[in-house]
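Printed here is query.cif (mmCIF, C-alpha atoms):
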data_query
loop_
_atom_site.group_PDB
_atom_site.id
_atom_site.type_symbol
_atom_site.label_atom_id
_atom_site.label_comp_id
_atom_site.auth_asym_id
_atom_site.auth_seq_id
_atom_site.Cartn_x
_atom_site.Cartn_y
_atom_site.Cartn_z
ATOM 1 C CA MET A 1 -20.074 9.420 13.703
ATOM 2 C CA ASP A 2 -19.688 6.456 15.990
ATOM 3 C CA LEU A 3 -17.878 3.272 15.004
ATOM 4 C CA GLN A 4 -21.104 1.423 14.273
ATOM 5 C CA GLN A 5 -22.234 4.098 11.820
ATOM 6 C CA ILE A 6 -18.862 4.104 10.086
ATOM 7 C CA ALA A 7 -18.957 0.314 9.812
ATOM 8 C CA HIS A 8 -22.464 0.398 8.331
ATOM 9 C CA ILE A 9 -21.480 2.854 5.607
ATOM 10 C CA ILE A 10 -18.363 0.810 4.825
ATOM 11 C CA ASP A 11 -20.601 -2.251 4.469
ATOM 12 C CA ILE A 12 -22.691 -0.381 1.875
ATOM 13 C CA VAL A 13 -19.814 0.648 -0.386
ATOM 14 C CA GLY A 14 -17.296 -2.081 0.434
ATOM 15 C CA GLN A 15 -14.032 -1.858 2.336
ATOM 16 C CA GLU A 16 -12.113 -1.088 -0.861
ATOM 17 C CA ASN A 17 -14.254 2.018 -1.421
ATOM 18 C CA ALA A 18 -13.932 3.642 2.011
ATOM 19 C CA ILE A 19 -11.092 5.436 3.814
ATOM 20 C CA PRO A 20 -11.526 6.808 7.357
ATOM 21 C CA ASN A 21 -9.732 10.087 8.139
ATOM 22 C CA SER A 22 -8.517 10.612 4.583
ATOM 23 C CA PRO A 23 -6.719 13.969 4.070
ATOM 24 C CA MET A 24 -8.648 16.112 1.603
ATOM 25 C CA SER A 25 -5.323 17.426 0.332
ATOM 26 C CA ARG A 26 -5.236 14.131 -1.600
ATOM 27 C CA HIS A 27 -8.640 14.723 -3.169
ATOM 28 C CA THR A 28 -8.556 18.374 -4.224
ATOM 29 C CA THR A 29 -6.601 20.198 -6.922
ATOM 30 C CA PHE A 30 -5.550 22.813 -4.335
ATOM 31 C CA LYS A 31 -3.696 20.070 -2.412
ATOM 32 C CA VAL A 32 -4.693 21.510 0.967
ATOM 33 C CA GLY A 33 -7.253 20.573 3.598
ATOM 34 C CA GLY A 34 -7.766 18.448 6.679
ATOM 35 C CA PRO A 35 -9.220 14.932 6.758
ATOM 36 C CA ALA A 36 -12.650 13.697 5.763
ATOM 37 C CA GLU A 37 -14.031 11.688 8.663
ATOM 38 C CA LEU A 38 -15.047 9.005 6.161
ATOM 39 C CA TYR A 39 -14.199 9.250 2.457
ATOM 40 C CA VAL A 40 -16.156 6.920 0.153
ATOM 41 C CA THR A 41 -16.161 6.234 -3.594
ATOM 42 C CA PRO A 42 -19.484 4.565 -4.470
ATOM 43 C CA GLU A 43 -19.593 2.425 -7.593
ATOM 44 C CA ASN A 44 -23.239 2.793 -8.591
ATOM 45 C CA GLN A 45 -26.498 4.648 -8.084
ATOM 46 C CA ASP A 46 -27.773 2.213 -5.457
ATOM 47 C CA GLN A 47 -24.723 2.706 -3.251
ATOM 48 C CA ILE A 48 -25.098 6.476 -3.546
ATOM 49 C CA ARG A 49 -28.764 6.231 -2.590
ATOM 50 C CA GLN A 50 -28.095 3.960 0.387
ATOM 51 C CA VAL A 51 -25.285 6.110 1.808
ATOM 52 C CA TRP A 52 -27.278 9.320 1.309
ATOM 53 C CA SER A 53 -30.409 7.831 2.891
ATOM 54 C CA TYR A 54 -28.504 6.447 5.887
ATOM 55 C CA CYS A 55 -26.787 9.784 6.493
ATOM 56 C CA LEU A 56 -30.087 11.669 6.339
ATOM 57 C CA GLN A 57 -31.799 9.218 8.697
ATOM 58 C CA ASN A 58 -28.961 9.465 11.223
ATOM 59 C CA SER A 59 -28.236 13.218 10.959
ATOM 60 C CA ILE A 60 -24.763 12.565 9.543
ATOM 61 C CA ASP A 61 -23.271 15.290 7.370
ATOM 62 C CA CYS A 62 -22.694 14.028 3.825
ATOM 63 C CA MET A 63 -20.872 16.082 1.196
ATOM 64 C CA ILE A 64 -20.849 15.148 -2.490
ATOM 65 C CA ILE A 65 -17.707 15.990 -4.446
ATOM 66 C CA GLY A 66 -16.313 15.330 -7.887
ATOM 67 C CA ASN A 67 -12.725 16.011 -8.863
ATOM 68 C CA GLY A 68 -12.240 18.510 -6.017
ATOM 69 C CA SER A 69 -11.212 21.167 -8.526
ATOM 70 C CA ASN A 70 -13.263 24.021 -7.093
ATOM 71 C CA LEU A 71 -12.915 23.172 -3.397
ATOM 72 C CA LEU A 72 -10.978 24.795 -0.601
ATOM 73 C CA VAL A 73 -11.210 22.522 2.442
ATOM 74 C CA ARG A 74 -10.375 24.133 5.773
ATOM 75 C CA ASP A 75 -7.534 22.670 7.840
ATOM 76 C CA GLY A 76 -9.846 20.994 10.349
ATOM 77 C CA GLY A 77 -11.266 18.802 7.624
ATOM 78 C CA ILE A 78 -14.827 17.672 6.952
ATOM 79 C CA PRO A 79 -16.919 15.935 9.632
ATOM 80 C CA GLY A 80 -19.134 13.106 8.466
ATOM 81 C CA VAL A 81 -19.041 11.509 5.026
ATOM 82 C CA VAL A 82 -17.449 12.779 1.834
ATOM 83 C CA MET A 83 -18.862 10.916 -1.152
ATOM 84 C CA ASP A 84 -16.595 11.211 -4.216
ATOM 85 C CA LEU A 85 -18.410 10.360 -7.458
ATOM 86 C CA SER A 86 -15.437 10.921 -9.772
ATOM 87 C CA ALA A 87 -13.570 7.697 -9.034
ATOM 88 C CA LYS A 88 -16.104 5.078 -10.115
ATOM 89 C CA PHE A 89 -19.378 6.761 -11.131
ATOM 90 C CA ASN A 90 -18.196 8.240 -14.417
ATOM 91 C CA GLU A 91 -19.678 6.435 -17.430
ATOM 92 C CA ILE A 92 -20.068 8.315 -20.740
ATOM 93 C CA VAL A 93 -22.463 7.230 -23.522
ATOM 94 C CA VAL A 94 -22.837 8.945 -26.917
ATOM 95 C CA GLU A 95 -26.145 8.537 -28.754
ATOM 96 C CA GLY A 96 -26.418 10.613 -31.917
ATOM 97 C CA ASN A 97 -26.056 14.275 -30.950
ATOM 98 C CA VAL A 98 -26.632 13.537 -27.254
ATOM 99 C CA ILE A 99 -24.058 12.634 -24.620
ATOM 100 C CA ARG A 100 -25.220 11.039 -21.381
ATOM 101 C CA ALA A 101 -22.599 11.294 -18.668
ATOM 102 C CA GLN A 102 -22.676 10.199 -15.050
ATOM 103 C CA ALA A 103 -21.961 12.958 -12.546
ATOM 104 C CA GLY A 104 -18.395 11.823 -11.845
ATOM 105 C CA ALA A 105 -17.247 11.915 -15.487
ATOM 106 C CA LEU A 106 -14.452 14.422 -16.040
ATOM 107 C CA LEU A 107 -15.363 17.344 -18.298
ATOM 108 C CA SER A 108 -12.183 16.796 -20.282
ATOM 109 C CA ARG A 109 -13.189 13.169 -20.995
ATOM 110 C CA VAL A 110 -16.661 14.226 -22.093
ATOM 111 C CA ALA A 111 -15.220 16.967 -24.320
ATOM 112 C CA ARG A 112 -12.898 14.432 -25.939
ATOM 113 C CA ALA A 113 -15.807 12.003 -26.442
ATOM 114 C CA ALA A 114 -17.713 14.798 -28.177
ATOM 115 C CA ALA A 115 -14.748 15.577 -30.423
ATOM 116 C CA LYS A 116 -14.244 11.899 -31.255
ATOM 117 C CA ASN A 117 -17.862 11.764 -32.424
ATOM 118 C CA SER A 118 -17.643 15.042 -34.375
ATOM 119 C CA LEU A 119 -19.968 16.884 -31.990
ATOM 120 C CA THR A 120 -19.512 20.600 -31.385
ATOM 121 C CA GLY A 121 -20.633 22.808 -28.502
ATOM 122 C CA MET A 122 -18.387 21.500 -25.756
ATOM 123 C CA GLU A 123 -15.004 22.742 -26.883
ATOM 124 C CA PHE A 124 -14.981 25.336 -24.072
ATOM 125 C CA ALA A 125 -14.723 22.521 -21.498
ATOM 126 C CA GLU A 126 -11.332 21.365 -22.746
ATOM 127 C CA GLY A 127 -8.926 21.884 -19.874
ATOM 128 C CA ILE A 128 -11.515 22.561 -17.164
ATOM 129 C CA PRO A 129 -10.544 20.018 -14.474
ATOM 130 C CA GLY A 130 -13.996 19.425 -12.970
ATOM 131 C CA THR A 131 -16.664 16.779 -13.404
ATOM 132 C CA ILE A 132 -20.054 16.944 -15.101
ATOM 133 C CA GLY A 133 -21.874 17.050 -11.760
ATOM 134 C CA GLY A 134 -19.732 19.850 -10.383
ATOM 135 C CA ALA A 135 -19.850 21.763 -13.652
ATOM 136 C CA ILE A 136 -23.649 21.735 -13.696
ATOM 137 C CA TYR A 137 -23.797 22.570 -9.990
ATOM 138 C CA MET A 138 -21.893 25.828 -10.564
ATOM 139 C CA ASN A 139 -22.706 26.348 -14.263
ATOM 140 C CA ALA A 140 -19.010 26.166 -15.099
ATOM 141 C CA GLY A 141 -17.747 27.843 -18.214
ATOM 142 C CA ALA A 142 -14.835 29.446 -20.008
ATOM 143 C CA TYR A 143 -14.046 31.377 -23.181
ATOM 144 C CA GLY A 144 -17.666 32.228 -23.951
ATOM 145 C CA GLY A 145 -19.144 28.792 -23.281
ATOM 146 C CA GLU A 146 -20.914 27.415 -20.226
ATOM 147 C CA MET A 147 -22.900 24.383 -19.159
ATOM 148 C CA SER A 148 -26.249 26.193 -19.444
ATOM 149 C CA GLN A 149 -25.812 26.209 -23.226
ATOM 150 C CA ILE A 150 -25.660 22.434 -23.624
ATOM 151 C CA THR A 151 -27.404 20.889 -20.599
ATOM 152 C CA GLU A 152 -30.802 19.346 -21.273
ATOM 153 C CA GLY A 153 -32.007 16.787 -18.719
ATOM 154 C CA VAL A 154 -30.402 16.193 -15.323
ATOM 155 C CA ARG A 155 -31.259 13.077 -13.356
ATOM 156 C CA CYS A 156 -31.214 13.696 -9.600
ATOM 157 C CA LEU A 157 -31.560 11.755 -6.380
ATOM 158 C CA ARG A 158 -33.929 13.456 -3.963
ATOM 159 C CA SER A 159 -33.767 13.296 -0.185
ATOM 160 C CA ASP A 160 -36.798 10.955 -0.095
ATOM 161 C CA GLY A 161 -34.888 8.416 -2.208
ATOM 162 C CA THR A 162 -36.773 9.042 -5.452
ATOM 163 C CA ILE A 163 -35.118 9.771 -8.797
ATOM 164 C CA VAL A 164 -36.366 12.770 -10.775
ATOM 165 C CA LEU A 165 -35.475 14.170 -14.179
ATOM 166 C CA ARG A 166 -35.189 17.963 -14.350
ATOM 167 C CA ASP A 167 -35.540 19.481 -17.816
ATOM 168 C CA ARG A 168 -33.765 22.521 -19.263
ATOM 169 C CA GLU A 169 -36.182 25.039 -17.753
ATOM 170 C CA GLN A 170 -35.700 23.679 -14.229
ATOM 171 C CA HIS A 171 -31.935 24.086 -13.793
ATOM 172 C CA GLY A 172 -32.085 27.753 -12.754
ATOM 173 C CA PHE A 173 -28.816 28.601 -14.489
ATOM 174 C CA SER A 174 -27.185 32.011 -14.165
ATOM 175 C CA TYR A 175 -23.560 33.128 -13.919
ATOM 176 C CA ARG A 176 -21.740 30.467 -11.858
ATOM 177 C CA HIS A 177 -25.035 29.393 -10.342
ATOM 178 C CA SER A 178 -27.721 26.725 -10.635
ATOM 179 C CA VAL A 179 -30.771 25.670 -8.665
ATOM 180 C CA TYR A 180 -28.743 22.745 -7.298
ATOM 181 C CA MET A 181 -26.749 25.086 -5.057
ATOM 182 C CA SER A 182 -29.844 25.626 -2.909
ATOM 183 C CA SER A 183 -31.203 22.094 -3.243
ATOM 184 C CA THR A 184 -30.537 18.831 -1.434
ATOM 185 C CA ASP A 185 -30.831 16.946 -4.740
ATOM 186 C CA ILE A 186 -27.767 14.963 -5.791
ATOM 187 C CA ILE A 187 -26.894 15.212 -9.489
ATOM 188 C CA LEU A 188 -26.516 11.678 -10.846
ATOM 189 C CA GLU A 189 -26.422 12.031 -14.618
ATOM 190 C CA ALA A 190 -26.674 14.693 -17.304
ATOM 191 C CA GLU A 191 -27.931 14.713 -20.863
ATOM 192 C CA LEU A 192 -25.962 17.121 -23.033
ATOM 193 C CA GLN A 193 -27.345 18.286 -26.379
ATOM 194 C CA LEU A 194 -24.628 18.988 -28.931
ATOM 195 C CA ARG A 195 -24.508 19.577 -32.713
ATOM 196 C CA PRO A 196 -22.740 17.848 -35.606
ATOM 197 C CA GLY A 197 -19.545 19.675 -36.470
ATOM 198 C CA ASP A 198 -16.409 19.494 -38.541
ATOM 199 C CA PRO A 199 -13.890 17.191 -36.798
ATOM 200 C CA GLN A 200 -10.858 19.293 -37.727
ATOM 201 C CA ALA A 201 -12.512 22.537 -36.674
ATOM 202 C CA ILE A 202 -13.458 21.007 -33.318
ATOM 203 C CA GLU A 203 -9.929 19.748 -32.715
ATOM 204 C CA ASP A 204 -8.432 23.086 -33.780
ATOM 205 C CA ALA A 205 -10.677 24.945 -31.344
ATOM 206 C CA MET A 206 -9.756 22.602 -28.492
ATOM 207 C CA GLU A 207 -6.060 22.891 -29.252
ATOM 208 C CA ASP A 208 -6.383 26.682 -29.297
ATOM 209 C CA LEU A 209 -7.989 26.647 -25.845
ATOM 210 C CA ARG A 210 -5.347 24.246 -24.521
ATOM 211 C CA GLY A 211 -2.683 26.656 -25.725
ATOM 212 C CA ARG A 212 -4.389 29.678 -24.184
ATOM 213 C CA ARG A 213 -4.593 27.963 -20.813
ATOM 214 C CA ARG A 214 -0.956 26.880 -20.938
ATOM 215 C CA ASP A 215 0.143 30.402 -21.865
ATOM 216 C CA LYS A 216 -2.040 32.394 -19.476
ATOM 217 C CA GLN A 217 -2.838 30.216 -16.476
ATOM 218 C CA PRO A 218 -0.611 28.642 -13.786
ATOM 219 C CA THR A 219 -1.597 25.109 -14.769
ATOM 220 C CA ASP A 220 1.651 23.737 -13.330
ATOM 221 C CA LYS A 221 0.743 24.751 -9.745
ATOM 222 C CA PRO A 222 -1.995 23.458 -7.427
ATOM 223 C CA SER A 223 -5.003 25.766 -7.367
ATOM 224 C CA ALA A 224 -8.785 25.742 -7.535
ATOM 225 C CA GLY A 225 -8.967 27.700 -10.777
ATOM 226 C CA SER A 226 -10.278 31.256 -10.678
ATOM 227 C CA THR A 227 -10.377 32.278 -7.032
ATOM 228 C CA PHE A 228 -12.999 35.029 -7.326
ATOM 229 C CA LYS A 229 -16.128 35.455 -9.417
ATOM 230 C CA ARG A 230 -16.189 38.084 -12.141
ATOM 231 C CA PRO A 231 -17.601 41.325 -10.649
ATOM 232 C CA ALA A 232 -20.563 43.059 -12.308
ATOM 233 C CA ASN A 233 -18.202 45.691 -13.713
ATOM 234 C CA GLY A 234 -14.694 44.709 -14.713
ATOM 235 C CA TYR A 235 -12.530 41.688 -14.061
ATOM 236 C CA ALA A 236 -11.197 40.419 -10.763
ATOM 237 C CA ALA A 237 -7.738 39.621 -12.149
ATOM 238 C CA ALA A 238 -7.310 43.103 -13.635
ATOM 239 C CA MET A 239 -8.312 44.776 -10.369
ATOM 240 C CA ILE A 240 -6.004 42.537 -8.345
ATOM 241 C CA ASP A 241 -3.158 43.298 -10.741
ATOM 242 C CA GLN A 242 -3.789 47.044 -10.637
ATOM 243 C CA CYS A 243 -3.684 46.920 -6.834
ATOM 244 C CA GLY A 244 -0.127 45.586 -7.075
ATOM 245 C CA LEU A 245 -1.080 42.278 -5.474
ATOM 246 C CA LYS A 246 0.453 39.944 -8.059
ATOM 247 C CA GLY A 247 2.982 37.755 -6.251
ATOM 248 C CA SER A 248 1.599 38.562 -2.772
ATOM 249 C CA ARG A 249 2.006 35.687 -0.338
ATOM 250 C CA VAL A 250 0.769 34.339 2.941
ATOM 251 C CA GLY A 251 2.755 31.293 3.953
ATOM 252 C CA GLY A 252 2.724 28.906 1.003
ATOM 253 C CA ALA A 253 -0.199 30.634 -0.752
ATOM 254 C CA GLU A 254 0.551 33.121 -3.531
ATOM 255 C CA VAL A 255 -1.339 35.334 -5.957
ATOM 256 C CA SER A 256 -0.023 33.846 -9.179
ATOM 257 C CA THR A 257 2.537 35.941 -11.016
ATOM 258 C CA LYS A 258 1.227 34.413 -14.257
ATOM 259 C CA HIS A 259 -2.480 35.212 -13.711
ATOM 260 C CA SER A 260 -3.677 37.400 -10.845
ATOM 261 C CA GLY A 261 -7.073 35.698 -10.808
ATOM 262 C CA PHE A 262 -5.492 32.539 -9.397
ATOM 263 C CA ILE A 263 -4.228 31.906 -5.892
ATOM 264 C CA ILE A 264 -1.809 28.979 -6.008
ATOM 265 C CA ASN A 265 -0.241 26.567 -3.565
ATOM 266 C CA THR A 266 3.509 26.970 -3.930
ATOM 267 C CA GLY A 267 4.063 23.625 -2.250
ATOM 268 C CA ASN A 268 3.435 23.899 1.467
ATOM 269 C CA ALA A 269 0.337 26.072 1.785
ATOM 270 C CA THR A 270 -2.384 25.463 4.332
ATOM 271 C CA ALA A 271 -6.035 26.318 3.819
ATOM 272 C CA THR A 272 -5.575 29.053 6.423
ATOM 273 C CA ASP A 273 -2.820 30.587 4.285
ATOM 274 C CA VAL A 274 -5.134 30.627 1.280
ATOM 275 C CA LEU A 275 -8.077 32.088 3.203
ATOM 276 C CA GLN A 276 -5.956 34.821 4.748
ATOM 277 C CA LEU A 277 -4.562 35.753 1.347
ATOM 278 C CA MET A 278 -8.074 35.794 -0.146
ATOM 279 C CA ASP A 279 -9.196 38.136 2.632
ATOM 280 C CA ARG A 280 -6.210 40.419 2.073
ATOM 281 C CA VAL A 281 -6.839 40.593 -1.674
ATOM 282 C CA ALA A 282 -10.560 41.247 -1.224
ATOM 283 C CA ASP A 283 -9.904 43.996 1.342
ATOM 284 C CA VAL A 284 -7.412 45.835 -0.874
ATOM 285 C CA VAL A 285 -9.623 45.607 -3.976
ATOM 286 C CA GLU A 286 -12.620 46.890 -2.041
ATOM 287 C CA SER A 287 -10.652 49.803 -0.589
ATOM 288 C CA GLN A 288 -9.271 50.842 -3.988
ATOM 289 C CA PHE A 289 -12.193 50.070 -6.310
ATOM 290 C CA GLY A 290 -15.225 49.850 -4.016
ATOM 291 C CA VAL A 291 -15.873 46.380 -5.423
ATOM 292 C CA THR A 292 -16.604 43.390 -3.207
ATOM 293 C CA LEU A 293 -14.987 40.247 -4.630
ATOM 294 C CA GLU A 294 -16.952 37.063 -4.046
ATOM 295 C CA PRO A 295 -15.182 33.688 -3.893
ATOM 296 C CA GLU A 296 -15.710 31.437 -6.889
ATOM 297 C CA VAL A 297 -13.973 28.624 -5.029
ATOM 298 C CA ARG A 298 -16.296 26.682 -2.716
ATOM 299 C CA ILE A 299 -15.027 26.901 0.888
ATOM 300 C CA VAL A 300 -15.997 23.923 3.054
ATOM 301 C CA GLY A 301 -15.042 22.164 6.274
ATOM 302 C CA ILE A 302 -14.052 23.384 9.720
ATOM 303 C CA ASP A 303 -11.062 25.209 11.147
ATOM 304 C CA ARG A 304 -8.379 23.288 12.971
ATOM 305 C CA GLU A 305 -8.813 23.425 16.745
#
Kindly return the structure encoded in the file as structure tokens.
Amino acid sequence: MDLQQIAHIIDIVGQENAIPNSPMSRHTTFKVGGPAELYVTPENQDQIRQVWSYCLQNSIDCMIIGNGSNLLVRDGGIPGVVMDLSAKFNEIVVEGNVIRAQAGALLSRVARAAAKNSLTGMEFAEGIPGTIGGAIYMNAGAYGGEMSQITEGVRCLRSDGTIVLRDREQHGFSYRHSVYMSSTDIILEAELQLRPGDPQAIEDAMEDLRGRRRDKQPTDKPSAGSTFKRPANGYAAAMIDQCGLKGSRVGGAEVSTKHSGFIINTGNATATDVLQLMDRVADVVESQFGVTLEPEVRIVGIDRE
């Protein structure tokens, strides 16, 4: 981008909502990654639409992110604009058995809103660090639940500037996949259909899942959650463990000794460290089991020159 383009985008969102050359290590749960050329936090739908439209018209790359919980940003950073919806586009409204949440709302906040209103069906989301938009994008799930089970309408911004409402049949959900992965539509808001439930039972279920995560996952270390998707046959973590890879390291990246399905940042990892360790793990698993592990983490950005 040239200076005039940067200035125009800053004018749209306001100086307080734009940071040039902002390290993505500050905006991802992995705590690695080079700078976004321009990092913006729009406050409303109109600002999102204006930034998106301007980027499309001027062939400027524009990436939409939420909480950065499933992102691995390469060390060269992200050219163009990174539009973070989690900071200020995160309203949650409960109407009967329906929750309407803007794309930047944290899953944990929405799950707590459901529990507060005695609504069941979203307990699985307790502890997942992503946002509604990101969760729908990848059909996030855990412990037998996933977004496909509760997502009704999704309001999207299309590349021509129009707003459309996709219904349940149009989301194209499958395991860790949705139609939005191959679409230029931006998820703006979701309508979640839940059911009345017993308040104590809901809270007990959420507390049980919180405990399981504390006991089994390296929640005290920076990571992007499960590093690899579940293979068709078996479990990635079990295969990695059986290959003797638990505790393997490249630089500051480590296969967690608590849960082999997680690669963690021990404190000074680079994205290159993580990627090299992912490659090593995938190569060993393929050689021993004949199974190709696919990343669950979304890898974006460019390599450092």
From the options A:Ser174, A:Ser86, A:Thr120, A:Thr184, which residue's atoms come nearest to Asp61 (chain A), counting all atoms listed in the file?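 Of A:Ser174, A:Ser86, A:Thr120, A:Thr184, the one nearest Asp61 (chain A) is A:Thr184, counting all atoms listed in the file.
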Residue members of the PyMOL selection byres ((chain A and resi 49) around 12) in the file shown, as an NGL selection string: :A and (9 or 12-13 or 42-48 or 50-56 or 62 or 64 or 83 or 156-163 or 185-188)
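Each of A:Arg155, A:His8, A:Arg214, A:Arg280 was checked against Ala190 (chain A) using all atoms listed in the file; the smallest atom-to-atom distance is that of A:Arg155.
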Distance criterion (all atoms listed in the file): nearest to Pro23 (chain A) out of A:Gly301, A:Phe262, A:Arg212, A:Val154: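 Of A:Gly301, A:Phe262, A:Arg212, A:Val154, the one nearest Pro23 (chain A) is A:Gly301, counting all atoms listed in the file.
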Please indicate the distance in Å from CA of Leu85 (chain A) to CA of Arg26 (chain A), rounded to one decimal place. 14.9 Å
Please write as a PyMOL selection string the full residue list that the PyMOL selection byres ((chain A and resi 27) around 12) yields on this file. chain A and resi 19+22-26+28-36+39-41+65-73+77+82-87+222+224
Counting all atoms listed in the file, which residues have an atom no more than 9 Å from (-23.6, 10.4, -18.0) in the file's coordinates? Please list them as JSON, numbers by chain. {"A": [89, 90, 91, 92, 93, 99, 100, 101, 102, 103, 104, 105, 110, 132, 188, 189, 190, 191, 192]}
Just checking: using all atoms listed in the file, which residue out of A:Leu277, A:Tyr137, A:Gly96, A:Leu245 ends up closest to Ser182 (chain A)? A:Tyr137
Please evaluate the PyMOL selection byres ((chain A and resi 248-251) around 8) against the displayed coordinates and give the resulting residues as an NGL selection string. :A and (245-247 or 252-255 or 268-270 or 273-274 or 276-277)
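For the atom pair formed by CA of Ser148 (chain A) and CA of Arg166 (chain A), the distance is 13.2 Å, given to one decimal.
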Find the distance between CA of Ser260 (chain A) and CA of Gly144 (chain A) and write it in Å to one decimal.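 So the answer is 19.9 Å.
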Can you work out which one of A:Val281, A:Leu194, A:Leu209, A:Ala7 has the shortest atom-to-atom distance to Glu95 (chain A), counting only C-alpha atoms? A:Leu194
Fix up region 21-42 of chain A with N, CA and C atoms, then write it as a compact mmCIF listing (two decimals), in the coordinates of the input.
# COMPACT_ATOMS: atom_id res chain seq x y z
N ASN A 21 -10.72 9.03 7.89
CA ASN A 21 -9.73 10.09 8.14
C ASN A 21 -8.76 10.28 6.97
N SER A 22 -9.34 10.44 5.79
CA SER A 22 -8.52 10.61 4.58
C SER A 22 -8.28 12.10 4.33
N PRO A 23 -7.01 12.54 4.27
CA PRO A 23 -6.72 13.97 4.07
C PRO A 23 -7.31 14.47 2.75
N MET A 24 -8.06 15.57 2.82
CA MET A 24 -8.65 16.11 1.60
C MET A 24 -7.60 16.75 0.70
N SER A 25 -6.41 16.96 1.20
CA SER A 25 -5.32 17.43 0.33
C SER A 25 -5.03 16.42 -0.77
N ARG A 26 -5.42 15.17 -0.57
CA ARG A 26 -5.24 14.13 -1.60
C ARG A 26 -6.36 14.14 -2.63
N HIS A 27 -7.44 14.82 -2.34
CA HIS A 27 -8.64 14.72 -3.17
C HIS A 27 -9.09 16.06 -3.75
N THR A 28 -8.24 17.07 -3.65
CA THR A 28 -8.56 18.37 -4.22
C THR A 28 -7.38 18.86 -5.05
N THR A 29 -7.67 19.68 -6.07
CA THR A 29 -6.60 20.20 -6.92
C THR A 29 -5.79 21.28 -6.22
N PHE A 30 -6.31 21.83 -5.11
CA PHE A 30 -5.55 22.81 -4.34
C PHE A 30 -4.47 22.13 -3.48
N LYS A 31 -4.65 20.85 -3.22
CA LYS A 31 -3.70 20.07 -2.41
C LYS A 31 -3.55 20.60 -0.99
N VAL A 32 -4.67 21.10 -0.44
CA VAL A 32 -4.69 21.51 0.97
C VAL A 32 -5.97 20.95 1.59
N GLY A 33 -6.02 20.97 2.91
CA GLY A 33 -7.25 20.57 3.60
C GLY A 33 -7.08 19.43 4.56
N GLY A 34 -7.81 19.49 5.66
CA GLY A 34 -7.77 18.45 6.68
C GLY A 34 -8.53 17.21 6.24
N PRO A 35 -8.67 16.23 7.14
CA PRO A 35 -9.22 14.93 6.76
C PRO A 35 -10.74 14.90 6.68
N ALA A 36 -11.24 14.07 5.76
CA ALA A 36 -12.65 13.70 5.76
C ALA A 36 -12.81 12.59 6.80
N GLU A 37 -13.82 12.70 7.64
CA GLU A 37 -14.03 11.69 8.66
C GLU A 37 -14.19 10.30 8.03
N LEU A 38 -14.95 10.24 6.94
CA LEU A 38 -15.05 9.01 6.16
C LEU A 38 -15.20 9.38 4.70
N TYR A 39 -14.23 8.95 3.89
CA TYR A 39 -14.20 9.25 2.46
C TYR A 39 -14.61 8.00 1.70
N VAL A 40 -15.66 8.11 0.86
CA VAL A 40 -16.16 6.92 0.15
C VAL A 40 -16.26 7.20 -1.34
N THR A 41 -16.08 6.14 -2.13
CA THR A 41 -16.16 6.23 -3.59
C THR A 41 -17.17 5.20 -4.10
N PRO A 42 -18.46 5.52 -4.06
CA PRO A 42 -19.48 4.57 -4.47
C PRO A 42 -19.35 4.18 -5.93
